[in-house]
Every structure is written in C-alpha cells, then in structure tokens.
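One file, upload10.pdb, carrying PDB, C-alpha atoms:
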```
ATOM      1  CA  MET A   5      18.356   8.587  90.521  1.00  0.00           C
ATOM      2  CA  SER A   6      17.057   5.759  88.407  1.00  0.00           C
ATOM      3  CA  VAL A   7      13.537   7.183  88.560  1.00  0.00           C
ATOM      4  CA  VAL A   8      14.732  10.586  87.418  1.00  0.00           C
ATOM      5  CA  LYS A   9      16.719   9.010  84.613  1.00  0.00           C
ATOM      6  CA  MET A  10      13.718   7.024  83.454  1.00  0.00           C
ATOM      7  CA  ASN A  11      11.516  10.142  83.392  1.00  0.00           C
ATOM      8  CA  THR A  12      14.141  11.988  81.395  1.00  0.00           C
ATOM      9  CA  MET A  13      14.260   9.215  78.814  1.00  0.00           C
ATOM     10  CA  GLU A  14      10.482   9.170  78.558  1.00  0.00           C
ATOM     11  CA  ALA A  15      10.403  12.944  78.083  1.00  0.00           C
ATOM     12  CA  THR A  16      13.040  12.639  75.343  1.00  0.00           C
ATOM     13  CA  ASP A  17      10.949  10.049  73.526  1.00  0.00           C
ATOM     14  CA  THR A  18       7.855  12.194  73.862  1.00  0.00           C
ATOM     15  CA  CYS A  19       9.593  15.293  72.441  1.00  0.00           C
ATOM     16  CA  LYS A  20      10.991  13.491  69.426  1.00  0.00           C
ATOM     17  CA  LEU A  21      10.595  15.583  66.312  1.00  0.00           C
ATOM     18  CA  LEU A  22       8.479  14.170  63.515  1.00  0.00           C
ATOM     19  CA  TYR A  23       9.722  15.224  60.114  1.00  0.00           C
ATOM     20  CA  ASN A  24       7.466  15.496  57.073  1.00  0.00           C
ATOM     21  CA  THR A  25       9.633  12.929  55.318  1.00  0.00           C
ATOM     22  CA  GLU A  26       8.427  10.400  57.884  1.00  0.00           C
ATOM     23  CA  ARG A  27       4.766  11.243  57.311  1.00  0.00           C
ATOM     24  CA  VAL A  28       2.337  10.148  54.648  1.00  0.00           C
ATOM     25  CA  THR A  29       2.948  11.913  51.332  1.00  0.00           C
ATOM     26  CA  LEU A  30       0.408  14.631  50.569  1.00  0.00           C
ATOM     27  CA  HIS A  31      -1.546  14.171  47.353  1.00  0.00           C
ATOM     28  CA  ILE A  32      -1.745  17.949  46.786  1.00  0.00           C
ATOM     29  CA  PRO A  33       0.871  19.685  48.965  1.00  0.00           C
ATOM     30  CA  GLU A  34      -0.447  23.157  48.093  1.00  0.00           C
ATOM     31  CA  TYR A  35      -3.382  22.715  50.476  1.00  0.00           C
ATOM     32  CA  GLY A  36      -1.241  21.590  53.398  1.00  0.00           C
ATOM     33  CA  ARG A  37      -1.431  18.712  55.838  1.00  0.00           C
ATOM     34  CA  ASN A  38      -4.389  20.078  57.796  1.00  0.00           C
ATOM     35  CA  VAL A  39      -6.664  19.791  54.779  1.00  0.00           C
ATOM     36  CA  GLN A  40      -5.355  16.282  54.245  1.00  0.00           C
ATOM     37  CA  LYS A  41      -6.325  15.439  57.819  1.00  0.00           C
ATOM     38  CA  MET A  42      -9.788  16.939  57.284  1.00  0.00           C
ATOM     39  CA  VAL A  43     -10.333  14.757  54.245  1.00  0.00           C
ATOM     40  CA  ASP A  44      -9.059  11.672  56.062  1.00  0.00           C
ATOM     41  CA  TYR A  45     -11.547  12.345  58.856  1.00  0.00           C
ATOM     42  CA  LEU A  46     -14.287  13.011  56.287  1.00  0.00           C
ATOM     43  CA  LYS A  47     -13.889   9.499  54.943  1.00  0.00           C
ATOM     44  CA  THR A  48     -14.607   8.064  58.406  1.00  0.00           C
ATOM     45  CA  ILE A  49     -18.002   9.801  58.845  1.00  0.00           C
ATOM     46  CA  GLU A  50     -20.730   7.202  58.468  1.00  0.00           C
ATOM     47  CA  ASP A  51     -23.712   9.558  58.330  1.00  0.00           C
ATOM     48  CA  ARG A  52     -24.041  10.488  54.648  1.00  0.00           C
ATOM     49  CA  ALA A  53     -25.810  13.794  55.281  1.00  0.00           C
ATOM     50  CA  LYS A  54     -23.107  14.798  57.766  1.00  0.00           C
ATOM     51  CA  ARG A  55     -20.421  13.657  55.336  1.00  0.00           C
ATOM     52  CA  ASN A  56     -21.877  15.793  52.539  1.00  0.00           C
ATOM     53  CA  GLU A  57     -22.058  18.790  54.859  1.00  0.00           C
ATOM     54  CA  GLN A  58     -18.440  18.406  55.918  1.00  0.00           C
ATOM     55  CA  ALA A  59     -17.341  17.939  52.313  1.00  0.00           C
ATOM     56  CA  ARG A  60     -18.865  21.298  51.340  1.00  0.00           C
ATOM     57  CA  ALA A  61     -17.166  22.892  54.359  1.00  0.00           C
ATOM     58  CA  ILE A  62     -13.808  21.534  53.244  1.00  0.00           C
ATOM     59  CA  ILE A  63     -14.427  22.916  49.759  1.00  0.00           C
ATOM     60  CA  LYS A  64     -14.871  26.370  51.319  1.00  0.00           C
ATOM     61  CA  VAL A  65     -11.588  25.993  53.197  1.00  0.00           C
ATOM     62  CA  MET A  66      -9.799  24.925  50.020  1.00  0.00           C
ATOM     63  CA  GLU A  67     -11.256  27.898  48.168  1.00  0.00           C
ATOM     64  CA  THR A  68      -9.904  30.233  50.869  1.00  0.00           C
ATOM     65  CA  LEU A  69      -6.450  28.652  50.747  1.00  0.00           C
ATOM     66  CA  ASN A  70      -6.335  28.755  46.953  1.00  0.00           C
ATOM     67  CA  PRO A  71      -7.911  32.086  45.857  1.00  0.00           C
ATOM     68  CA  ALA A  72      -6.162  31.907  42.476  1.00  0.00           C
ATOM     69  CA  VAL A  73      -8.534  29.108  41.515  1.00  0.00           C
ATOM     70  CA  HIS A  74     -11.152  31.776  40.760  1.00  0.00           C
ATOM     71  CA  LEU A  75      -9.121  32.737  37.689  1.00  0.00           C
ATOM     72  CA  GLN A  76      -9.812  29.346  36.138  1.00  0.00           C
ATOM     73  CA  GLU A  77     -12.918  28.325  34.276  1.00  0.00           C
ATOM     74  CA  ASN A  78     -15.250  26.027  36.216  1.00  0.00           C
ATOM     75  CA  PHE A  79     -13.249  26.670  39.382  1.00  0.00           C
ATOM     76  CA  GLU A  80     -15.863  24.911  41.534  1.00  0.00           C
ATOM     77  CA  GLN A  81     -15.340  21.711  39.600  1.00  0.00           C
ATOM     78  CA  LYS A  82     -11.593  22.146  40.027  1.00  0.00           C
ATOM     79  CA  LEU A  83     -12.026  22.286  43.798  1.00  0.00           C
ATOM     80  CA  TRP A  84     -14.170  19.133  43.851  1.00  0.00           C
ATOM     81  CA  ASP A  85     -11.617  17.379  41.650  1.00  0.00           C
ATOM     82  CA  HIS A  86      -8.911  18.358  44.120  1.00  0.00           C
ATOM     83  CA  LEU A  87     -11.029  17.023  46.976  1.00  0.00           C
ATOM     84  CA  TYR A  88     -11.301  13.642  45.274  1.00  0.00           C
ATOM     85  CA  ILE A  89      -7.576  13.613  44.564  1.00  0.00           C
ATOM     86  CA  ILE A  90      -6.730  14.380  48.190  1.00  0.00           C
ATOM     87  CA  ALA A  91      -9.062  11.548  49.212  1.00  0.00           C
ATOM     88  CA  ASP A  92      -7.160   9.249  46.832  1.00  0.00           C
ATOM     89  CA  PHE A  93     -10.389   8.766  44.841  1.00  0.00           C
ATOM     90  CA  ASP A  94     -11.938   6.957  47.797  1.00  0.00           C
ATOM     91  CA  LEU A  95     -14.788   9.281  48.754  1.00  0.00           C
ATOM     92  CA  ASP A  96     -18.536   8.717  48.600  1.00  0.00           C
ATOM     93  CA  VAL A  97     -20.298  12.088  48.660  1.00  0.00           C
ATOM     94  CA  ASP A  98     -23.038  13.766  46.672  1.00  0.00           C
ATOM     95  CA  SER A  99     -20.873  15.987  44.516  1.00  0.00           C
ATOM     96  CA  PRO A 100     -22.333  18.279  41.828  1.00  0.00           C
ATOM     97  CA  TYR A 101     -19.587  17.012  39.533  1.00  0.00           C
ATOM     98  CA  PRO A 102     -18.490  13.482  38.643  1.00  0.00           C
ATOM     99  CA  MET A 103     -15.367  12.035  40.184  1.00  0.00           C
ATOM    100  CA  PRO A 104     -12.354  12.425  37.867  1.00  0.00           C
ATOM    101  CA  GLU A 105     -10.596   9.336  36.608  1.00  0.00           C
ATOM    102  CA  ARG A 106      -7.355   8.367  38.278  1.00  0.00           C
ATOM    103  CA  GLU A 107      -5.764   7.746  34.893  1.00  0.00           C
ATOM    104  CA  SER A 108      -6.272  11.389  33.949  1.00  0.00           C
ATOM    105  CA  LEU A 109      -3.575  12.404  36.441  1.00  0.00           C
ATOM    106  CA  ASN A 110      -0.942  10.340  34.670  1.00  0.00           C
ATOM    107  CA  GLN A 111      -1.634  11.668  31.197  1.00  0.00           C
ATOM    108  CA  ARG A 112       1.242  13.630  29.780  1.00  0.00           C
ATOM    109  CA  PRO A 113       0.370  17.007  28.261  1.00  0.00           C
ATOM    110  CA  GLU A 114       0.570  17.408  24.530  1.00  0.00           C
ATOM    111  CA  PRO A 115       3.928  18.831  23.462  1.00  0.00           C
ATOM    112  CA  VAL A 116       3.981  22.464  22.438  1.00  0.00           C
ATOM    113  CA  PRO A 117       4.888  22.716  18.752  1.00  0.00           C
ATOM    114  CA  LEU A 118       8.096  24.656  18.265  1.00  0.00           C
ATOM    115  CA  GLN A 119       9.174  26.401  15.121  1.00  0.00           C
ATOM    116  CA  LYS A 120      12.434  24.849  14.016  1.00  0.00           C
ATOM    117  CA  LYS A 121      12.926  27.375  11.247  1.00  0.00           C
ATOM    118  CA  PRO A 122      15.922  29.538  12.217  1.00  0.00           C
ATOM    119  CA  ILE A 123      15.463  33.280  12.633  1.00  0.00           C
ATOM    120  CA  LYS A 124      17.033  35.167   9.757  1.00  0.00           C
ATOM    121  CA  ALA A 125      17.561  38.433  11.664  1.00  0.00           C
ATOM    122  CA  SER A 126      17.702  38.117  15.443  1.00  0.00           C
ATOM    123  CA  HIS A 127      17.502  41.882  16.008  1.00  0.00           C
ATOM    124  CA  TYR A 128      14.058  41.879  14.404  1.00  0.00           C
ATOM    125  CA  GLY A 129      12.742  38.652  15.881  1.00  0.00           C
ATOM    126  CA  ARG A 130      10.402  35.953  14.640  1.00  0.00           C
ATOM    127  CA  ASN A 131       7.231  38.030  14.972  1.00  0.00           C
ATOM    128  CA  ILE A 132       8.412  40.499  12.365  1.00  0.00           C
ATOM    129  CA  GLU A 133       9.272  37.634  10.032  1.00  0.00           C
ATOM    130  CA  ASN A 134       5.744  36.305  10.483  1.00  0.00           C
ATOM    131  CA  MET A 135       4.371  39.760   9.695  1.00  0.00           C
ATOM    132  CA  ILE A 136       6.499  39.906   6.552  1.00  0.00           C
ATOM    133  CA  ASP A 137       5.086  36.544   5.453  1.00  0.00           C
ATOM    134  CA  LEU A 138       1.575  37.886   6.039  1.00  0.00           C
ATOM    135  CA  VAL A 139       2.240  40.982   3.917  1.00  0.00           C
ATOM    136  CA  ALA A 140       3.811  38.849   1.189  1.00  0.00           C
ATOM    137  CA  GLU A 141       0.583  36.862   0.873  1.00  0.00           C
ATOM    138  CA  LYS A 142      -1.468  40.005   0.228  1.00  0.00           C
ATOM    139  CA  GLU A 143      -2.238  41.111  -3.311  1.00  0.00           C
ATOM    140  CA  ASP A 144      -0.716  44.326  -4.615  1.00  0.00           C
ATOM    141  CA  GLY A 145      -2.806  47.335  -3.755  1.00  0.00           C
ATOM    142  CA  GLU A 146      -3.360  50.125  -1.287  1.00  0.00           C
ATOM    143  CA  GLU A 147      -3.975  47.742   1.614  1.00  0.00           C
ATOM    144  CA  ARG A 148      -0.676  45.934   1.059  1.00  0.00           C
ATOM    145  CA  THR A 149       1.193  49.237   0.718  1.00  0.00           C
ATOM    146  CA  ALA A 150      -0.332  50.510   3.969  1.00  0.00           C
ATOM    147  CA  MET A 151       0.599  47.288   5.775  1.00  0.00           C
ATOM    148  CA  LEU A 152       4.094  47.471   4.315  1.00  0.00           C
ATOM    149  CA  ARG A 153       4.529  51.057   5.474  1.00  0.00           C
ATOM    150  CA  THR A 154       3.353  50.226   9.019  1.00  0.00           C
ATOM    151  CA  LEU A 155       5.665  47.207   9.101  1.00  0.00           C
ATOM    152  CA  ALA A 156       8.632  49.290   7.945  1.00  0.00           C
ATOM    153  CA  VAL A 157       7.972  51.902  10.644  1.00  0.00           C
ATOM    154  CA  TYR A 158       7.895  49.211  13.318  1.00  0.00           C
ATOM    155  CA  MET A 159      11.066  47.587  11.961  1.00  0.00           C
ATOM    156  CA  ARG A 160      12.846  50.935  12.127  1.00  0.00           C
ATOM    157  CA  GLN A 161      11.881  51.228  15.790  1.00  0.00           C
ATOM    158  CA  GLN A 162      13.248  47.743  16.484  1.00  0.00           C
ATOM    159  CA  TYR A 163      16.414  48.524  14.548  1.00  0.00           C
ATOM    160  CA  LEU A 164      17.084  51.628  16.649  1.00  0.00           C
ATOM    161  CA  ILE A 165      16.858  49.578  19.844  1.00  0.00           C
ATOM    162  CA  TRP A 166      20.038  47.759  18.821  1.00  0.00           C
ATOM    163  CA  ASN A 167      21.683  50.567  16.885  1.00  0.00           C
ATOM    164  CA  LYS A 168      21.282  54.066  18.342  1.00  0.00           C
ATOM    165  CA  ASP A 169      22.431  55.668  15.086  1.00  0.00           C
ATOM    166  CA  THR A 170      19.948  56.691  12.426  1.00  0.00           C
ATOM    167  CA  VAL A 171      18.922  54.161   9.810  1.00  0.00           C
ATOM    168  CA  SER A 172      17.947  54.956   6.247  1.00  0.00           C
ATOM    169  CA  ASP A 173      14.670  53.947   4.663  1.00  0.00           C
ATOM    170  CA  GLU A 174      16.600  52.011   2.025  1.00  0.00           C
ATOM    171  CA  THR A 175      18.153  49.775   4.695  1.00  0.00           C
ATOM    172  CA  ILE A 176      14.742  48.882   6.124  1.00  0.00           C
ATOM    173  CA  PHE A 177      13.288  48.255   2.669  1.00  0.00           C
ATOM    174  CA  GLN A 178      16.227  46.037   1.724  1.00  0.00           C
ATOM    175  CA  ASP A 179      15.746  44.022   4.927  1.00  0.00           C
ATOM    176  CA  ILE A 180      12.062  43.544   4.124  1.00  0.00           C
ATOM    177  CA  GLU A 181      12.804  42.284   0.630  1.00  0.00           C
ATOM    178  CA  ARG A 182      15.567  39.996   1.887  1.00  0.00           C
ATOM    179  CA  LEU A 183      13.543  38.538   4.786  1.00  0.00           C
ATOM    180  CA  SER A 184      10.627  37.885   2.440  1.00  0.00           C
ATOM    181  CA  ASP A 185      12.917  35.934   0.080  1.00  0.00           C
ATOM    182  CA  TYR A 186      12.224  38.748  -2.382  1.00  0.00           C
ATOM    183  CA  ARG A 187       8.521  37.977  -2.575  1.00  0.00           C
ATOM    184  CA  ILE A 188       7.970  41.622  -1.612  1.00  0.00           C
ATOM    185  CA  LYS A 189       9.076  44.442  -3.861  1.00  0.00           C
ATOM    186  CA  VAL A 190       8.885  47.781  -2.066  1.00  0.00           C
ATOM    187  CA  PRO A 191       7.056  50.291  -4.285  1.00  0.00           C
ATOM    188  CA  GLU A 192       9.142  53.133  -5.613  1.00  0.00           C
ATOM    189  CA  GLY A 193       8.619  56.430  -3.878  1.00  0.00           C
ATOM    190  CA  LEU A 194       7.614  54.901  -0.530  1.00  0.00           C
ATOM    191  CA  GLN A 195       9.114  56.965   2.281  1.00  0.00           C
ATOM    192  CA  LEU A 196       9.043  56.827   6.046  1.00  0.00           C
ATOM    193  CA  ARG A 197      10.200  60.363   6.739  1.00  0.00           C
ATOM    194  CA  GLY A 198       7.713  62.500   8.594  1.00  0.00           C
ATOM    195  CA  VAL A 199       6.151  59.502  10.307  1.00  0.00           C
ATOM    196  CA  GLN A 200       6.263  59.711  14.113  1.00  0.00           C
ATOM    197  CA  ASN A 201       8.100  56.505  14.526  1.00  0.00           C
ATOM    198  CA  GLU A 202      11.572  57.193  15.718  1.00  0.00           C
ATOM    199  CA  GLY A 203       9.707  56.202  18.819  1.00  0.00           C
ATOM    200  CA  GLY A 204      11.482  55.844  22.089  1.00  0.00           C
ATOM    201  CA  HIS A 205      14.838  56.759  20.486  1.00  0.00           C
ATOM    202  CA  ASN A 206      13.847  60.350  19.752  1.00  0.00           C
ATOM    203  CA  ARG A 207      11.806  60.664  22.911  1.00  0.00           C
ATOM    204  CA  GLN A 208      14.833  59.565  24.879  1.00  0.00           C
ATOM    205  CA  GLY A 209      16.964  62.185  23.149  1.00  0.00           C
ATOM    206  CA  ASN A 210      14.391  64.895  23.790  1.00  0.00           C
ATOM    207  CA  GLY A 211      14.182  63.879  27.439  1.00  0.00           C
ATOM    208  CA  GLN A 212      17.942  64.106  27.798  1.00  0.00           C
ATOM    209  CA  ALA A 213      17.942  67.567  26.187  1.00  0.00           C
ATOM    210  CA  ARG A 214      15.232  68.803  28.566  1.00  0.00           C
ATOM    211  CA  PHE A 215      17.152  67.366  31.528  1.00  0.00           C
ATOM    212  CA  LYS A 216      20.355  69.072  30.382  1.00  0.00           C
ATOM    213  CA  GLY A 217      18.567  72.406  29.929  1.00  0.00           C
ATOM    214  CA  GLN A 218      16.953  72.183  33.377  1.00  0.00           C
ATOM    215  CA  LYS A 219      20.332  71.348  34.921  1.00  0.00           C
ATOM    216  CA  GLN A 220      21.912  74.407  33.319  1.00  0.00           C
ATOM    217  CA  LYS A 221      19.100  76.621  34.661  1.00  0.00           C
ATOM    218  CA  ASN A 222      19.594  75.247  38.161  1.00  0.00           C
ATOM    219  CA  ASN A 223      23.361  75.826  38.024  1.00  0.00           C
ATOM    220  CA  HIS A 224      22.820  79.377  36.808  1.00  0.00           C
ATOM    221  CA  LYS A 225      20.352  80.026  39.617  1.00  0.00           C
ATOM    222  CA  MET A 226      22.768  78.698  42.249  1.00  0.00           C
ATOM    223  CA  ARG A 227      25.594  80.912  40.951  1.00  0.00           C
ATOM    224  CA  LYS A 228      23.368  83.977  41.228  1.00  0.00           C
ATOM    225  CA  GLN A 229      22.493  83.095  44.830  1.00  0.00           C
ATOM    226  CA  HIS A 230      26.167  82.848  45.818  1.00  0.00           C
ATOM    227  CA  LYS A 231      27.075  86.250  44.334  1.00  0.00           C
TER     228      LYS A 231
END
```
Encoded form using structure tokens:
Amino acid sequence: MSVVKMNTMEATDTCKLLYNTERVTLHIPEYGRNVQKMVDYLKTIEDRAKRNEQARAIIKVMETLNPAVHLQENFEQKLWDHLYIIADFDLDVDSPYPMPERESLNQRPEPVPLQKKPIKASHYGRNIENMIDLVAEKEDGEERTAMLRTLAVYMRQQYLIWNKDTVSDETIFQDIERLSDYRIKVPEGLQLRGVQNEGGHNRQGNGQARFKGQKQKNNHKMRKQHK
C-alpha cells in the first residue's frame, strides 16, 4: 500500500499545473511563449552563421503571427526591433537594421493637443465651426460666396438630423453669422432653395412614401385574390 501511495504522490507532483503567472514575463505577449522560447534558444547557439539563419527563420514566424505589421512603414525593421526586444536586447546577430535603444521603450508619447475652446453649437459640431472660420478669413468675392453657399447647404443637412422639421434659410444664415462672431455677413439675395441638399431627410421621406404605396398595392392584390 505504501508503494502505491508513493506512486500516487509522485504522479500528483508530475501533473501539477504551471500557470503563466509563475512563468517568466513575456516581453511582447502578442507573439506568444513559443516565440519567446525560440529566441531564448537562439541566444544559446554558438555558431554565428547558424544563429543568423535561425534569426531570419524566427522573423518569418513573427511575420506570419503578426500579418498586420505589413500595414506599417518599414515593417521589416519593426520585426527586427521586436526580435531584439524579445531577446531583452541581448542578441548578437547580423541584422540589416541597428538594434533599438532600450531607453526608447520607456519614452512617453507626446500628448495630443486638445482644443479647449467650447463648441458653440453642439448640433453642428466643431468641424463646421472650423469651416466657418475658414470662410471668414476669405476676402469678399465669388469664391467666398460659393463656399458660404456650400457651407449653408451642409449645415442645413446637419440641422435636419436633429430636427426633422423644415428649417428656413434665414435660420441657417443667422447661425453662420452668430458662429462666426459676426465676421461673416451673408449677402442679400442668397438662397438655398432648389439645391439638392435636403439630403437624407427627403430621401427618407420618399422611401417611406414608396414603401407605403407598395404596401397598398399588395393589400389590394390580396383582397382581389380572396374574392
């Protein structure tokens, strides 16, 4: 019985699960632990020619595991940089690219500049306000009037997204003058009627009318079949 008990204990010790938290931390987890093991073995190869050959083979494996790297510029250099990082910058191979500096990994990215200026009209958005500023900087003339007309058409489309009712030209023009801090004076006689802009609002209405008409035809056809 003691022998059987001893064998059972040995089998239990042999089958003990090894969790990743108990293993060495991966430098780049995206490539997995098998690639990490390949690189660890690569560092033990004494023959330089063999080591270079195996390094290029590992690069091919990394390229297969990370196909999105092709979307980046100089993706081959990215793969070699990753190889050095996985090797903890302790790798002597003939790489076509220089080894990256360890300090470069700890550099914080430059902060993205944010516009702190509040949006005057949230239903239009900041892009329209930027477009208004651009038009305001233009000199009076046909080009500015054409830009102003195009901007007003687009603003009417955005307005109808939030308000399904119709909106007058005067309302759009007043919003342009107000959002420009009255640097823009809309020329008299400028109109938006007749411009194909009501956009998705009208198209949606037309689509609903066609659907309603088709439904009525189908109902009429079914009634005739049941007579």
inquiry  = Would you compute the distance between CA of Glu107 (chain A) and CA of Ile90 (chain A)? Give it in Å to one decimal.
reply    =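 Spanning CA of Glu107 (chain A) to CA of Ile90 (chain A) is a straight-line distance of 14.9 Å.
Taken over the whole file, the PyMOL selection byres ((chain A and resi 133-146) around 9) covers exactly A:Ile123, A:Lys124, A:Ala125, A:Tyr128, A:Gly129, A:Arg130, A:Asn131, A:Ile132, A:Glu147, A:Arg148, A:Thr149, A:Ala150, A:Met151, A:Leu152, A:Leu155, A:Ile180, A:Glu181, A:Leu183, A:Ser184, A:Arg187, A:Ile188.
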query = In terms of the shortest atom-to-atom distance over only C-alpha atoms, which of A:Val73, A:Ala91, A:Leu83, A:Leu30 is closest to Lys47 (chain A)?
reply =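 Of all the options, A:Ala91 lies closest to Lys47 (chain A).
Using all atoms listed in the file, the smallest distance between any of A:Met159, A:Leu118, A:Val97, A:Leu69 and Ala53 (chain A) comes from A:Val97.
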Let me have the centre and edge lengths in Å, one decimal, of the box along x, y and z around every listed atom of region 155-167 of chain A with 3 Å of margin on each side, as AutoDock Vina command-line options.
```
--center_x 13.7 --center_y 49.6 --center_z 13.9 --size_x 22.0 --size_y 10.7 --size_z 17.9
```
message = Which residues are near Asp96 (chain A)? Cut-off 12 Å, all atoms listed in the file, ignore same chain within fewer than 2 positions. Put them as a count of residues only.
response = 23
